[in-house]
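What follows is one structure encoded as structure tokens, with my remarks underneath.
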Amino acid sequence: MAYMGKIVKLVIIVLCIILVILQWSRIETTVNLFKGYFLQVKELLITPDTVSIIYPAKTLHYKRPYQKSAANIFHCGNLLFYKTTQEESVATIANKIIGYTYYYKLYHLQNSIKHINALSTNTVPANTVLVIPYSLPFISIDLTKKTMTQIPFVKGVYYSGSSLSSQKMMRQLVALKQAGINTVVFDVKDVNGIVNYKSHIPMVVELNTHAKRPVDDIATLIRGFKELDIYAIARIAVFRDHLLAAKSPDMAIKSKKTGRVWNDSSKELWVDPTKQSVWDYNIALACEVAKLGADEVQFDYLRFPTAGDLSDAQYAYESGKKSKIETITAFLAKATKELHKLNTAVSIDIFGVAAWQKEDDIKKLGQNIALLSNHCDVISPMLYPSHFNDNFDGFSNPGDEPYYFVANGNKKIKAIVPNTLIRPWLQAFKWRVSNYDENYILAQIQACIDTNVYGYLFWNASNDYTVVQKALMKKNNGNATSKLKKENHK
């Protein structure tokens with residue numbers, strides 16, 4: 001009897017272990033939700049600038065990704081299997097299955113499938129069962145937004161398209177998150193015009209502007225951000241678009257003299273802000289990435305060009321002759337209307353000098369802050385001190401005055417649009433700065449705190465945030481020391 005009792009106990013233990021394995025995803029989800037509620041309560045004791053948290057319990061919904069999967073896709077516990085119904089290439093299989101994995105680059109998934117299944121060729125016979133590595137759990141984050149995006153107090157960094165496919169980026173983000181970063185601005189389309197993910201927009205597919213994409217499955221990348229509790233902002237450079245102007249000259253600004261693409265001998269090609277096809281292309285991209293999970297879409301280069309022979313620029317004015325200000329404002333109004341239908345927030349980048357509201361700058365750029373603020377949720381002035389001209393406001397080298405230009409820029413923008421969230425871009429690079437270090441970063445942060453703006457973003461074109469991380473850690477240690485002193489005083 002004692003022997004039978006031991007067997008029964010062993011069987012029960014084994015069954016419990018199997019049950020835990022099969023239900024691990026649900027257990028993990030429940031723990032995550034409780035963690036989210038705990039953090040919400042904890043926030044009541046912490047000021048917004050000290051800690052910014054994206055709460056899983058508030059912002060994340062979950063779904064069963066395999067509920068409507070094909071009959072030849074099998075998921076059990078943490079394992080995913082794919083059975084070929086006919087002879088298929090590994091590339092074809094990877095393309096079908098990538099949405100069920102944590103991979104967002106096809107060739108990475110292809111290599112892993114070949115390695116884990118010990119395949120010697122790129123062709124798989126019919127009725128072969130393959131193990132698919134790094135699959136999604138039974139329950140995973142639903143990237144569809146059920147309600148309007150709740151914009152947090154942002155402390156973010158920018159990543160270019162070339163960085164998106166690198167695992168190094170995710171490792172950096174883990175370290176930056178520990179320092180206090182809670183947001184990523186990632187390029188959907190920069191000024192080079194490359195669409196950085198595999199798009200299904202007909203115009204993108206037809207022109208193949210995503211041919212050199214670094215990411216195949218952008219939804220998986222966004223899901224990775226969400227699992228790190230990172231707020232995801234998709235950046236789109238709108239009217240400066242070299243690739244689109246080159247591939248579709250009809251959409252480019254024309255030269256009055258030659259009738260060809262305006263400024264075609266330079267590296268700065270622009271599409272025509274007055275053409276409906278240009279509007280449709282950019283709004284379609286914004287809506288697609290919103291549907292795929294981006295919390296917010298950020299429009300950059302939302303303006304007319306300022307360099308080159310501007311007198312030679314010929315615009316189509318398809319909707320009738322309008323001023324530059326009217327054109328830019330109308331585009332933003334239409335884009336925001338569509339994105340708000342998808343519960344996605346909208347932010348815009350504006351020239352830092354626009355805060356000084358010089359009439360000539362406003363007319364040339366087409367950026368009237370007061371009008372634009374009616375059609376967006378956040379305005380991000382690019383207040384990089386180094387980008388102001390020498391002797392601006394009496395400073396021989398503005399790059400060495402981080403506090404002054406960030407603080408004054410914030411104040412001026414807030415005075416113009418007091419009811420709009422202001423979230424400036426801060427300088428995280430050493431160009432035209434005599435002493436770029438942690439204190440340079442901290443001076444800009446302090447300017448944001450003193451002017452009470454709603455967060456800030458760091459820009460570094462090469463995505464090197466070593467100095468930012470050090471500055472934030474230094475600031476956090478200072479806050480901890482200050483709190484300890486207060487507690488001891490009590």
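For the structure tokens, the naming scheme is as follows: chains receive sequential letters (A, B, ...) according to their order of presentation, residues are indexed from 1 within each chain, and ligands are indexed from 1 in presentation order.
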For region 320-368 of chain A versus region 268-276 of chain A, which residues have an atom no more than 9 Å away, and what is each residue's nearest atom pair and distance in Å rounded to one decimal, using only C-alpha atoms, chain-then-number order, as JSON lines?
```
{"residue": "A:Gly320", "atom": "CA", "partner": "A:Thr274", "partner_atom": "CA", "distance": 8.9}
{"residue": "A:Lys321", "atom": "CA", "partner": "A:Thr274", "partner_atom": "CA", "distance": 8.9}
{"residue": "A:Lys322", "atom": "CA", "partner": "A:Thr274", "partner_atom": "CA", "distance": 8.6}
{"residue": "A:Lys324", "atom": "CA", "partner": "A:Pro273", "partner_atom": "CA", "distance": 8.7}
{"residue": "A:Thr327", "atom": "CA", "partner": "A:Thr274", "partner_atom": "CA", "distance": 6.7}
{"residue": "A:Ile328", "atom": "CA", "partner": "A:Pro273", "partner_atom": "CA", "distance": 7.4}
{"residue": "A:Phe331", "atom": "CA", "partner": "A:Pro273", "partner_atom": "CA", "distance": 8.3}
```
How about saving the chosen residues, N, CA and C atoms kept, as a PDB file, in the first residue's frame?
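Writing the result to out_18.pdb gives the following:
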```pdb
ATOM      1  N   GLY A 320      -6.634  73.461 -55.325  1.00  0.00           N
ATOM      2  CA  GLY A 320      -6.736  74.916 -55.420  1.00  0.00           C
ATOM      3  C   GLY A 320      -5.568  75.574 -54.714  1.00  0.00           C
ATOM      4  N   LYS A 321      -5.250  76.781 -55.127  1.00  0.00           N
ATOM      5  CA  LYS A 321      -4.109  77.510 -54.574  1.00  0.00           C
ATOM      6  C   LYS A 321      -4.362  77.837 -53.106  1.00  0.00           C
ATOM      7  N   LYS A 322      -3.475  77.362 -52.257  1.00  0.00           N
ATOM      8  CA  LYS A 322      -3.546  77.628 -50.821  1.00  0.00           C
ATOM      9  C   LYS A 322      -2.175  78.034 -50.339  1.00  0.00           C
ATOM     10  N   LYS A 324       1.103  77.910 -47.779  1.00  0.00           N
ATOM     11  CA  LYS A 324       1.823  76.783 -47.188  1.00  0.00           C
ATOM     12  C   LYS A 324       1.233  76.420 -45.828  1.00  0.00           C
ATOM     13  N   THR A 327      -1.976  74.495 -46.330  1.00  0.00           N
ATOM     14  CA  THR A 327      -1.707  73.152 -46.867  1.00  0.00           C
ATOM     15  C   THR A 327      -1.264  72.197 -45.767  1.00  0.00           C
ATOM     16  N   ILE A 328      -0.285  72.615 -44.970  1.00  0.00           N
ATOM     17  CA  ILE A 328       0.237  71.750 -43.907  1.00  0.00           C
ATOM     18  C   ILE A 328      -0.828  71.476 -42.855  1.00  0.00           C
ATOM     19  N   PHE A 331      -3.424  68.928 -44.214  1.00  0.00           N
ATOM     20  CA  PHE A 331      -2.925  67.548 -44.206  1.00  0.00           C
ATOM     21  C   PHE A 331      -3.012  66.955 -42.798  1.00  0.00           C
TER      22      PHE A 331
END
```
Find the spatial neighbours of Asp400 (chain A), counting only C-alpha atoms, within a cut-off of 7 Å - ignore same-chain residues fewer than 2 positions away - and output them as a PDB file with N, CA and C atoms, in the first residue's frame.
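Written output follows (selection-v6.pdb):
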```pdb
ATOM      1  N   ASN A 397      27.743  80.975 -29.071  1.00  0.00           N
ATOM      2  CA  ASN A 397      27.646  79.547 -29.412  1.00  0.00           C
ATOM      3  C   ASN A 397      26.454  78.933 -28.684  1.00  0.00           C
ATOM      4  N   PRO A 398      25.256  78.963 -29.307  1.00  0.00           N
ATOM      5  CA  PRO A 398      24.053  78.430 -28.650  1.00  0.00           C
ATOM      6  C   PRO A 398      24.200  76.984 -28.183  1.00  0.00           C
ATOM      7  N   PRO A 402      22.552  74.712 -23.093  1.00  0.00           N
ATOM      8  CA  PRO A 402      21.447  73.743 -23.133  1.00  0.00           C
ATOM      9  C   PRO A 402      20.227  74.175 -22.321  1.00  0.00           C
ATOM     10  N   VAL A 433      29.137  71.422 -29.613  1.00  0.00           N
ATOM     11  CA  VAL A 433      29.098  71.542 -28.154  1.00  0.00           C
ATOM     12  C   VAL A 433      30.517  71.353 -27.633  1.00  0.00           C
ATOM     13  N   SER A 434      30.986  72.272 -26.799  1.00  0.00           N
ATOM     14  CA  SER A 434      32.366  72.188 -26.309  1.00  0.00           C
ATOM     15  C   SER A 434      32.524  71.170 -25.188  1.00  0.00           C
TER      16      SER A 434
END
```
- [ ] Might you pull out every residue within 10 Å of region 356-361 of chain A, with only C-alpha atoms counted and same-chain residues fewer than 5 positions away left off, and present them as a VMD selection string?
- [x] chain A and resid 306 351 366 to 369 408 to 409 412 to 413 416
Residues from the last selection, N, CA and C atoms, saved as a PDB file, in the first residue's frame:
```
ATOM      1  N   THR A 306      13.196  74.240 -47.178  1.00  0.00           N
ATOM      2  CA  THR A 306      13.778  75.556 -46.897  1.00  0.00           C
ATOM      3  C   THR A 306      15.150  75.721 -47.545  1.00  0.00           C
ATOM      4  N   PHE A 351      10.274  72.742 -36.074  1.00  0.00           N
ATOM      5  CA  PHE A 351      11.570  73.383 -35.901  1.00  0.00           C
ATOM      6  C   PHE A 351      11.623  74.093 -34.558  1.00  0.00           C
ATOM      7  N   GLY A 366       5.563  76.764 -43.274  1.00  0.00           N
ATOM      8  CA  GLY A 366       4.157  76.372 -43.290  1.00  0.00           C
ATOM      9  C   GLY A 366       3.709  75.832 -41.948  1.00  0.00           C
ATOM     10  N   GLN A 367       4.499  76.072 -40.902  1.00  0.00           N
ATOM     11  CA  GLN A 367       4.192  75.554 -39.561  1.00  0.00           C
ATOM     12  C   GLN A 367       3.669  76.676 -38.654  1.00  0.00           C
ATOM     13  N   ASN A 368       2.355  76.810 -38.617  1.00  0.00           N
ATOM     14  CA  ASN A 368       1.720  77.732 -37.690  1.00  0.00           C
ATOM     15  C   ASN A 368       1.293  76.931 -36.464  1.00  0.00           C
ATOM     16  N   ILE A 369       2.020  77.108 -35.383  1.00  0.00           N
ATOM     17  CA  ILE A 369       1.835  76.256 -34.205  1.00  0.00           C
ATOM     18  C   ILE A 369       0.421  76.321 -33.659  1.00  0.00           C
ATOM     19  N   ASN A 408      13.599  78.234 -22.663  1.00  0.00           N
ATOM     20  CA  ASN A 408      12.912  79.323 -23.354  1.00  0.00           C
ATOM     21  C   ASN A 408      12.055  78.823 -24.505  1.00  0.00           C
ATOM     22  N   GLY A 409      12.544  77.809 -25.198  1.00  0.00           N
ATOM     23  CA  GLY A 409      11.725  77.224 -26.257  1.00  0.00           C
ATOM     24  C   GLY A 409      10.436  76.646 -25.709  1.00  0.00           C
ATOM     25  N   LYS A 412       8.011  79.491 -24.697  1.00  0.00           N
ATOM     26  CA  LYS A 412       7.416  80.181 -25.836  1.00  0.00           C
ATOM     27  C   LYS A 412       6.334  79.327 -26.495  1.00  0.00           C
ATOM     28  N   ILE A 413       6.593  78.027 -26.633  1.00  0.00           N
ATOM     29  CA  ILE A 413       5.586  77.136 -27.213  1.00  0.00           C
ATOM     30  C   ILE A 413       4.357  77.062 -26.316  1.00  0.00           C
ATOM     31  N   ILE A 416       2.060  79.944 -26.638  1.00  0.00           N
ATOM     32  CA  ILE A 416       1.280  79.952 -27.878  1.00  0.00           C
ATOM     33  C   ILE A 416       0.128  78.961 -27.806  1.00  0.00           C
TER      34      ILE A 416
END
```
TODO: Return as an MDAnalysis selection string the full set of residues in region 134-237 of chain A whose backbone-based DSSP assignment is alpha helix (DSSP H).
DONE: chainID A and resid 161:164 167:179 202:207 218:227
Task: CA of Tyr158 (chain A) to CA of Leu285 (chain A), distance in Å rounded to a single decimal - done: 18.9 Å
Open item on the list: What parts of region 152-201 of chain A does DSSP call strand (DSSP E)? I'd like the answer as number ranges by chain.
Closed with: A: 154-159, 183-189
- [ ] In Å, rounded to a single decimal, give me how far CA of Tyr456 (chain A) is from CA of Leu421 (chain A).
- [x] 10.9 Å
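CA of Tyr317 (chain A) is positioned 21.6 Å from CA of His375 (chain A).
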